[in-house]
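One file, final-v9.cif, is given below (mmCIF, C-alpha atoms and all ligand atoms).
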data_upload
#
loop_
_atom_site.label_atom_id
_atom_site.label_comp_id
_atom_site.auth_asym_id
_atom_site.auth_seq_id
_atom_site.Cartn_x
_atom_site.Cartn_y
_atom_site.Cartn_z
CA MET F 1 77.42 -2.89 14.22
CA LEU F 2 80.77 -4.11 15.49
CA HIS F 3 83.78 -2.58 13.74
CA ASN F 4 85.10 -4.96 11.01
CA SER F 5 82.27 -7.41 11.54
CA ILE F 6 80.93 -9.38 8.55
CA SER F 7 77.46 -10.88 8.59
CA LYS F 8 74.82 -12.45 6.38
CA PRO F 9 71.75 -10.30 5.56
CA LYS F 10 68.67 -11.05 7.66
CA GLN F 11 66.23 -10.55 4.79
CA SER F 12 66.10 -12.04 1.31
CA ILE F 13 64.10 -11.80 -1.91
CA GLN F 14 63.10 -14.88 -3.86
CA LEU F 15 64.04 -13.74 -7.33
CA ASN F 16 61.35 -15.61 -9.27
CA ASN F 17 58.44 -13.95 -7.45
CA TRP F 18 60.01 -11.31 -5.18
CA PHE F 19 58.68 -13.08 -2.12
CA LEU F 20 60.34 -11.52 0.92
CA GLN F 21 61.65 -13.70 3.71
CA GLY F 22 63.44 -13.13 6.98
CA LYS F 23 63.35 -10.96 10.06
CA ASP F 24 60.64 -8.32 10.46
CA ILE F 25 58.87 -8.91 7.13
CA ILE F 26 55.27 -7.81 7.57
CA ASN F 27 52.48 -9.63 5.71
CA SER F 28 49.01 -8.20 5.17
CA GLU F 29 46.11 -8.88 2.89
CA LYS F 30 43.02 -7.17 1.59
CA ARG F 31 39.89 -9.21 1.00
CA ILE F 32 36.70 -8.23 -0.82
CA LYS F 33 35.13 -7.27 2.55
CA HIS F 34 37.88 -4.66 3.12
CA LEU F 35 37.36 -2.93 -0.24
CA LYS F 36 33.75 -1.76 -0.09
CA GLU F 37 34.36 1.80 -1.23
CA VAL F 38 36.92 0.92 -3.88
CA PHE F 39 34.97 -0.61 -6.76
CA GLY F 40 32.24 1.13 -8.72
CA ASP F 41 29.76 -1.66 -9.39
CA GLU F 42 27.94 -2.23 -6.11
CA GLU F 43 25.66 -5.00 -7.35
CA SER F 44 28.52 -7.10 -8.71
CA PHE F 45 30.52 -6.39 -5.54
CA LYS F 46 27.76 -7.81 -3.31
CA LYS F 47 27.75 -11.07 -5.28
CA LEU F 48 31.42 -11.80 -4.53
CA ASP F 49 32.66 -13.89 -1.60
CA PRO F 50 33.59 -11.31 1.10
CA GLU F 51 36.49 -13.55 2.18
CA LYS F 52 38.10 -13.68 -1.26
CA VAL F 53 41.64 -12.28 -1.16
CA VAL F 54 42.12 -9.48 -3.70
CA TYR F 55 45.72 -8.57 -2.88
CA SER F 56 48.46 -9.22 -0.38
CA VAL F 57 51.36 -7.00 0.60
CA GLN F 58 54.71 -7.88 2.10
CA SER F 59 56.74 -5.03 3.47
CA TYR F 60 60.04 -4.42 5.16
CA LEU F 61 60.07 -1.25 7.24
CA PRO F 62 63.55 -1.17 8.82
CA VAL F 63 63.14 2.24 10.46
CA LYS F 64 60.30 3.90 12.40
CA GLU F 65 57.51 5.34 10.22
CA GLY F 66 58.21 9.04 9.66
CA THR F 67 62.00 8.77 9.86
CA PRO F 68 63.47 11.22 7.33
CA GLY F 69 65.94 9.69 4.88
CA GLY F 70 64.98 6.04 5.37
CA LEU F 71 63.58 3.71 2.72
CA TYR F 72 60.85 1.08 2.79
CA PHE F 73 60.51 -1.89 0.50
CA GLY F 74 57.53 -4.06 -0.48
CA THR F 75 56.08 -6.72 -2.76
CA THR F 76 52.39 -6.65 -3.73
CA THR F 77 50.52 -9.56 -5.29
CA ILE F 78 47.12 -8.85 -6.87
CA GLN F 79 44.94 -11.83 -7.73
CA PRO F 80 43.24 -11.97 -11.13
CA GLY F 81 39.56 -11.06 -11.11
CA LYS F 82 37.00 -8.35 -11.69
CA VAL F 83 34.14 -6.63 -9.91
CA GLY F 84 31.71 -6.36 -12.80
CA ASN F 85 33.94 -5.03 -15.56
CA GLU F 86 36.48 -3.39 -13.25
CA TYR F 87 39.76 -5.21 -12.64
CA PHE F 88 40.90 -6.19 -9.15
CA MET F 89 43.16 -3.42 -7.89
CA THR F 90 44.78 -1.88 -4.83
CA ARG F 91 43.00 0.81 -2.77
CA GLY F 92 45.37 3.50 -4.01
CA HIS F 93 46.68 6.49 -2.09
CA PHE F 94 48.43 9.84 -2.10
CA HIS F 95 51.38 10.05 0.24
CA ALA F 96 50.55 11.94 3.44
CA ASN F 97 53.75 13.86 2.85
CA LEU F 98 52.83 14.95 -0.65
CA ASP F 99 56.35 15.68 -1.82
CA ARG F 100 57.54 12.09 -1.55
CA GLY F 101 57.89 9.92 -4.64
CA GLU F 102 58.09 6.15 -5.05
CA TYR F 103 59.33 3.45 -7.44
CA TYR F 104 57.18 0.54 -8.62
CA TRP F 105 58.39 -2.21 -10.94
CA GLY F 106 56.66 -5.12 -12.61
CA VAL F 107 57.71 -8.64 -11.57
CA GLN F 108 55.06 -10.97 -12.96
CA GLY F 109 51.77 -10.68 -14.86
CA GLU F 110 50.09 -7.87 -16.75
CA GLY F 111 48.79 -4.79 -15.00
CA MET F 112 48.16 -1.09 -15.13
CA LEU F 113 49.59 1.53 -12.82
CA ILE F 114 46.87 4.16 -12.51
CA LEU F 115 48.10 7.64 -11.59
CA MET F 116 46.15 10.78 -10.69
CA ASP F 117 47.50 14.27 -10.05
CA LYS F 118 46.04 16.88 -7.71
CA ASN F 119 43.95 18.35 -10.56
CA ARG F 120 42.33 14.93 -10.87
CA ASN F 121 43.89 14.13 -14.25
CA THR F 122 44.22 10.35 -14.41
CA TRP F 123 46.44 8.27 -16.70
CA GLY F 124 47.82 4.74 -16.90
CA GLU F 125 51.18 3.03 -17.41
CA ILE F 126 51.22 -0.59 -18.52
CA MET F 127 52.98 -2.81 -16.00
CA SER F 128 54.71 -5.99 -17.16
CA PRO F 129 57.70 -8.04 -15.97
CA GLY F 130 60.66 -5.65 -15.84
CA SER F 131 58.72 -2.41 -16.34
CA LEU F 132 59.97 0.42 -14.14
CA HIS F 133 57.67 3.18 -12.89
CA TYR F 134 58.73 6.37 -11.19
CA ILE F 135 55.81 7.85 -9.30
CA GLY F 136 56.45 11.55 -8.91
CA VAL F 137 55.43 13.73 -5.99
CA ASN F 138 51.79 14.79 -5.55
CA ILE F 139 50.48 11.80 -7.47
CA ALA F 140 47.97 9.21 -6.26
CA HIS F 141 48.79 5.66 -7.34
CA ARG F 142 47.07 2.31 -7.55
CA VAL F 143 47.64 -0.87 -9.56
CA ALA F 144 45.09 -3.07 -11.36
CA ASN F 145 45.62 -6.65 -12.52
CA MET F 146 44.51 -6.88 -16.17
CA GLY F 147 45.66 -10.46 -16.70
CA SER F 148 44.47 -13.96 -15.90
CA THR F 149 47.37 -14.77 -13.54
CA ALA F 150 48.56 -13.09 -10.33
CA LEU F 151 50.20 -9.70 -10.84
CA ILE F 152 53.30 -9.11 -8.73
CA PHE F 153 55.10 -5.79 -8.38
CA GLY F 154 57.82 -4.36 -6.17
CA ALA F 155 57.85 -0.96 -4.48
CA CYS F 156 60.36 1.28 -2.75
CA TRP F 157 59.28 4.45 -0.94
CA PRO F 158 60.58 6.91 1.67
CA SER F 159 59.97 6.08 5.31
CA ASP F 160 58.50 9.55 5.86
CA ALA F 161 56.04 9.36 2.94
CA GLY F 162 53.05 8.13 4.97
CA HIS F 163 49.75 7.20 3.32
CA ASN F 164 46.64 9.25 2.71
CA TYR F 165 43.78 6.90 1.81
CA GLU F 166 41.01 9.33 2.77
CA GLU F 167 41.11 11.51 -0.31
CA THR F 168 41.16 8.64 -2.79
CA GLU F 169 38.47 6.77 -0.84
CA GLN F 170 36.09 9.70 -0.42
CA LYS F 171 36.41 11.18 -3.90
CA GLY F 172 37.76 8.12 -5.71
CA PHE F 173 40.07 8.37 -8.70
CA SER F 174 38.56 10.39 -11.56
CA SER F 175 38.75 7.35 -13.89
CA ARG F 176 38.24 3.62 -13.57
CA LEU F 177 40.01 0.87 -15.46
CA VAL F 178 37.36 -1.38 -16.97
CA GLU F 179 37.25 -4.06 -19.63
CA ILE F 180 35.17 -3.08 -22.64
CA ASN F 181 35.06 -5.34 -25.70
CA HIS F 182 37.88 -7.43 -24.18
CA LYS F 183 40.14 -4.38 -23.91
CA PRO F 184 41.20 -2.40 -20.82
CA GLN F 185 40.07 1.22 -20.98
CA LEU F 186 40.17 4.17 -18.60
CA ILE F 187 36.68 5.63 -18.34
CA ASP F 188 35.58 8.72 -16.40
CA SER F 189 34.25 7.53 -13.05
CA GLU F 190 31.20 9.76 -13.34
CA LEU F 191 29.95 7.88 -16.41
CA PRO F 192 27.48 5.21 -15.36
CA LEU F 193 27.82 3.67 -18.81
CA TRP F 194 30.75 1.37 -18.05
CA LYS F 195 28.73 -0.67 -15.62
CA LYS F 196 26.41 -1.82 -18.40
CA GLN F 197 29.03 -2.91 -20.93
C1 LIG F 201 53.38 1.76 -0.22
C2 LIG F 201 53.36 1.10 -1.56
C3 LIG F 201 52.74 -0.30 -1.68
C4 LIG F 201 51.22 -0.30 -1.41
C5 LIG F 201 50.58 -1.62 -1.79
C6 LIG F 201 49.09 -1.68 -1.55
O1 LIG F 201 53.66 3.12 -0.32
O2 LIG F 201 52.73 1.98 -2.46
O3 LIG F 201 53.36 -1.20 -0.82
O4 LIG F 201 50.94 0.00 -0.07
O5 LIG F 201 50.81 -1.87 -3.15
O6 LIG F 201 48.44 -0.56 -2.08
P1 LIG F 201 47.53 0.36 -1.14
O7 LIG F 201 47.13 1.50 -2.02
O8 LIG F 201 46.39 -0.47 -0.68
O9 LIG F 201 48.42 0.80 0.00
ZN ZN F 202 52.77 4.93 -2.23
#
How does the structure come out when it is put into structure tokens?
Amino acid sequence: MLHNSISKPKQSIQLNNWFLQGKDIINSEKRIKHLKEVFGDEESFKKLDPEKVVYSVQSYLPVKEGTPGGLYFGTTTIQPGKVGNEYFMTRGHFHANLDRGEYYWGVQGEGMLILMDKNRNTWGEIMSPGSLHYIGVNIAHRVANMGSTALIFGACWPSDAGHNYEETEQKGFSSRLVEINHKPQLIDSELPLWKKQ
């Protein structure tokens, strides 16, 4: 930067939906076909349109991945829907650098932040507009949309956190968020029962 220079920011957030605009904003999306290992009910999964978008992510990564001390920023939008009784959700991950935390916050819609520690204890925090969620170190995290409209949340995480999807994909989370009797419930993943509700 030039000494004493004044400039306008090159990125902006649309405050009603946290849509990010400007230079170097990265857009990605996950469709049903990308999420084969994520949902528990295989039969219901196969019946869905493989091209259906489940969630999209916008991110702003101003420094090189792995840079210590930097921060990344993102907005995730999860569409409403279910695979069988299980709500549409993100893949979920541990950070590759386990001792890196993250903030999530609710922007729009009703969701559940699903957290799992290294001992495979899983719990949920209800996400709603304005809810703030500190995700501590060593904790896997994913978000499910429990509502009938799009769920939008923001995220801020260290640029040297990295992502470890392998562990959560191979072993899964120990619980799944499913709708039983019109209510969201966390149910042990090993129980086949939830599929039949
Ligand atoms: C990155 C941050 C979010 C997620 C996004 C999608 O650390 O947690 O931007 O990447 O919500 O979730 P996932 O689990 O598919 O990366
Ligand atoms: Zn993360």
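Among the candidates F:Asn97, F:Gln170, F:Gln14, F:Ser28, the residue lying nearest to F:Pro158 is F:Asn97 (atoms considered: only C-alpha atoms).
Nearest residue to F:Thr149 among F:Trp123, F:Gly111, F:Lys171, F:Thr67 is F:Gly111, counting only C-alpha atoms.
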10 Å shell around ligand LIG 201 (chain F) using all atoms listed in the file, listed as a PDB file with C-alpha atoms, keeping the file's coordinate frame:
ATOM      1  CA  SER F  28      49.010  -8.200   5.170  1.00  0.00           C
ATOM      2  CA  GLU F  29      46.110  -8.880   2.890  1.00  0.00           C
ATOM      3  CA  LYS F  30      43.020  -7.170   1.590  1.00  0.00           C
ATOM      4  CA  LEU F  35      37.360  -2.930  -0.240  1.00  0.00           C
ATOM      5  CA  TYR F  55      45.720  -8.570  -2.880  1.00  0.00           C
ATOM      6  CA  SER F  56      48.460  -9.220  -0.380  1.00  0.00           C
ATOM      7  CA  VAL F  57      51.360  -7.000   0.600  1.00  0.00           C
ATOM      8  CA  GLN F  58      54.710  -7.880   2.100  1.00  0.00           C
ATOM      9  CA  SER F  59      56.740  -5.030   3.470  1.00  0.00           C
ATOM     10  CA  TYR F  60      60.040  -4.420   5.160  1.00  0.00           C
ATOM     11  CA  TYR F  72      60.850   1.080   2.790  1.00  0.00           C
ATOM     12  CA  PHE F  73      60.510  -1.890   0.500  1.00  0.00           C
ATOM     13  CA  GLY F  74      57.530  -4.060  -0.480  1.00  0.00           C
ATOM     14  CA  THR F  75      56.080  -6.720  -2.760  1.00  0.00           C
ATOM     15  CA  THR F  76      52.390  -6.650  -3.730  1.00  0.00           C
ATOM     16  CA  THR F  77      50.520  -9.560  -5.290  1.00  0.00           C
ATOM     17  CA  ILE F  78      47.120  -8.850  -6.870  1.00  0.00           C
ATOM     18  CA  MET F  89      43.160  -3.420  -7.890  1.00  0.00           C
ATOM     19  CA  THR F  90      44.780  -1.880  -4.830  1.00  0.00           C
ATOM     20  CA  ARG F  91      43.000   0.810  -2.770  1.00  0.00           C
ATOM     21  CA  GLY F  92      45.370   3.500  -4.010  1.00  0.00           C
ATOM     22  CA  HIS F  93      46.680   6.490  -2.090  1.00  0.00           C
ATOM     23  CA  PHE F  94      48.430   9.840  -2.100  1.00  0.00           C
ATOM     24  CA  HIS F  95      51.380  10.050   0.240  1.00  0.00           C
ATOM     25  CA  ARG F 100      57.540  12.090  -1.550  1.00  0.00           C
ATOM     26  CA  GLY F 101      57.890   9.920  -4.640  1.00  0.00           C
ATOM     27  CA  GLU F 102      58.090   6.150  -5.050  1.00  0.00           C
ATOM     28  CA  TYR F 103      59.330   3.450  -7.440  1.00  0.00           C
ATOM     29  CA  TYR F 104      57.180   0.540  -8.620  1.00  0.00           C
ATOM     30  CA  ILE F 135      55.810   7.850  -9.300  1.00  0.00           C
ATOM     31  CA  ALA F 140      47.970   9.210  -6.260  1.00  0.00           C
ATOM     32  CA  HIS F 141      48.790   5.660  -7.340  1.00  0.00           C
ATOM     33  CA  ARG F 142      47.070   2.310  -7.550  1.00  0.00           C
ATOM     34  CA  VAL F 143      47.640  -0.870  -9.560  1.00  0.00           C
ATOM     35  CA  ILE F 152      53.300  -9.110  -8.730  1.00  0.00           C
ATOM     36  CA  PHE F 153      55.100  -5.790  -8.380  1.00  0.00           C
ATOM     37  CA  GLY F 154      57.820  -4.360  -6.170  1.00  0.00           C
ATOM     38  CA  ALA F 155      57.850  -0.960  -4.480  1.00  0.00           C
ATOM     39  CA  CYS F 156      60.360   1.280  -2.750  1.00  0.00           C
ATOM     40  CA  TRP F 157      59.280   4.450  -0.940  1.00  0.00           C
ATOM     41  CA  PRO F 158      60.580   6.910   1.670  1.00  0.00           C
ATOM     42  CA  SER F 159      59.970   6.080   5.310  1.00  0.00           C
ATOM     43  CA  ALA F 161      56.040   9.360   2.940  1.00  0.00           C
ATOM     44  CA  GLY F 162      53.050   8.130   4.970  1.00  0.00           C
ATOM     45  CA  HIS F 163      49.750   7.200   3.320  1.00  0.00           C
ATOM     46  CA  ASN F 164      46.640   9.250   2.710  1.00  0.00           C
ATOM     47  CA  TYR F 165      43.780   6.900   1.810  1.00  0.00           C
ATOM     48  CA  THR F 168      41.160   8.640  -2.790  1.00  0.00           C
TER      49      THR F 168
END
Next item on the list: Please measure the separation of atom CA of F:Glu179 and atom CA of F:Asn85, giving the value in Å to one decimal.
Entry: 5.3 Å
Checklist line | Nearest to ligand ZN 202 (chain F), chosen from F:Gly70, F:Gly106, F:Pro184, F:Gly136, with only C-alpha atoms and all ligand atoms counted in the distances | finding: F:Gly136
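Of the listed residues (F:Leu177, F:Thr122, F:Pro62, F:Leu113), F:Leu113 comes nearest to ligand ZN 202 (chain F); the distances count all atoms listed in the file.
The residue that comes closest to ligand ZN 202 (chain F), out of F:Ser5, F:Asn181, F:Ser174, F:Asn138 and on the basis of only C-alpha atoms and all ligand atoms, is F:Asn138.
Atom CA of F:Gly172 sits 7.5 Å away from atom CA of F:Val38.
Rounded to one decimal, atom CA of F:Gly130 and atom CA of F:Lys52 lie 28.0 Å from each other.
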Note to self: Let me make sure I understand: among F:Leu98, F:Glu166, F:Ile25, F:Lys33, which one has the smallest atom-to-atom distance to ligand ZN 202 (chain F) if we use only C-alpha atoms and all ligand atoms?
What the structure shows: F:Leu98
Check: Residues at most 9 Å from stretch 49-51 of chain F, counting only C-alpha atoms, excluding those fewer than 6 positions away in the same chain, as an MDAnalysis selection string?
Finding: chainID F and resid 31:34
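Every residue within 9 Å of the file position (28.8, 0.1, -9.1), judged by all atoms listed in the file, is given as Phe39, Gly40, Asp41, Glu42, Glu43, Ser44, Phe45, Val83, Gly84, Pro192 and Lys195 of chain F.
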Next item on the list: Fewer than 5 positions away in the same chain doesn't count, so skip those; otherwise give me all residues within 10 Å of F:Val178, counting all atoms listed in the file, as a count of residues only.
Entry: 17
Give the centre and edge lengths of an axis-aligned box, in Å to one decimal, that holds all listed atoms of stretch 120-136 of chain F with 3 Å on each side, as AutoDock Vina command-line options.
--center_x 51.5 --center_y 3.4 --center_z -13.7 --size_x 24.3 --size_y 29.0 --size_z 15.6
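Shell of F:Gly124 at 7 Å, with all atoms listed in the file counted and residues fewer than 6 places along the chain excluded, is Met112, Leu113, Ile114 and Leu115 of chain F.
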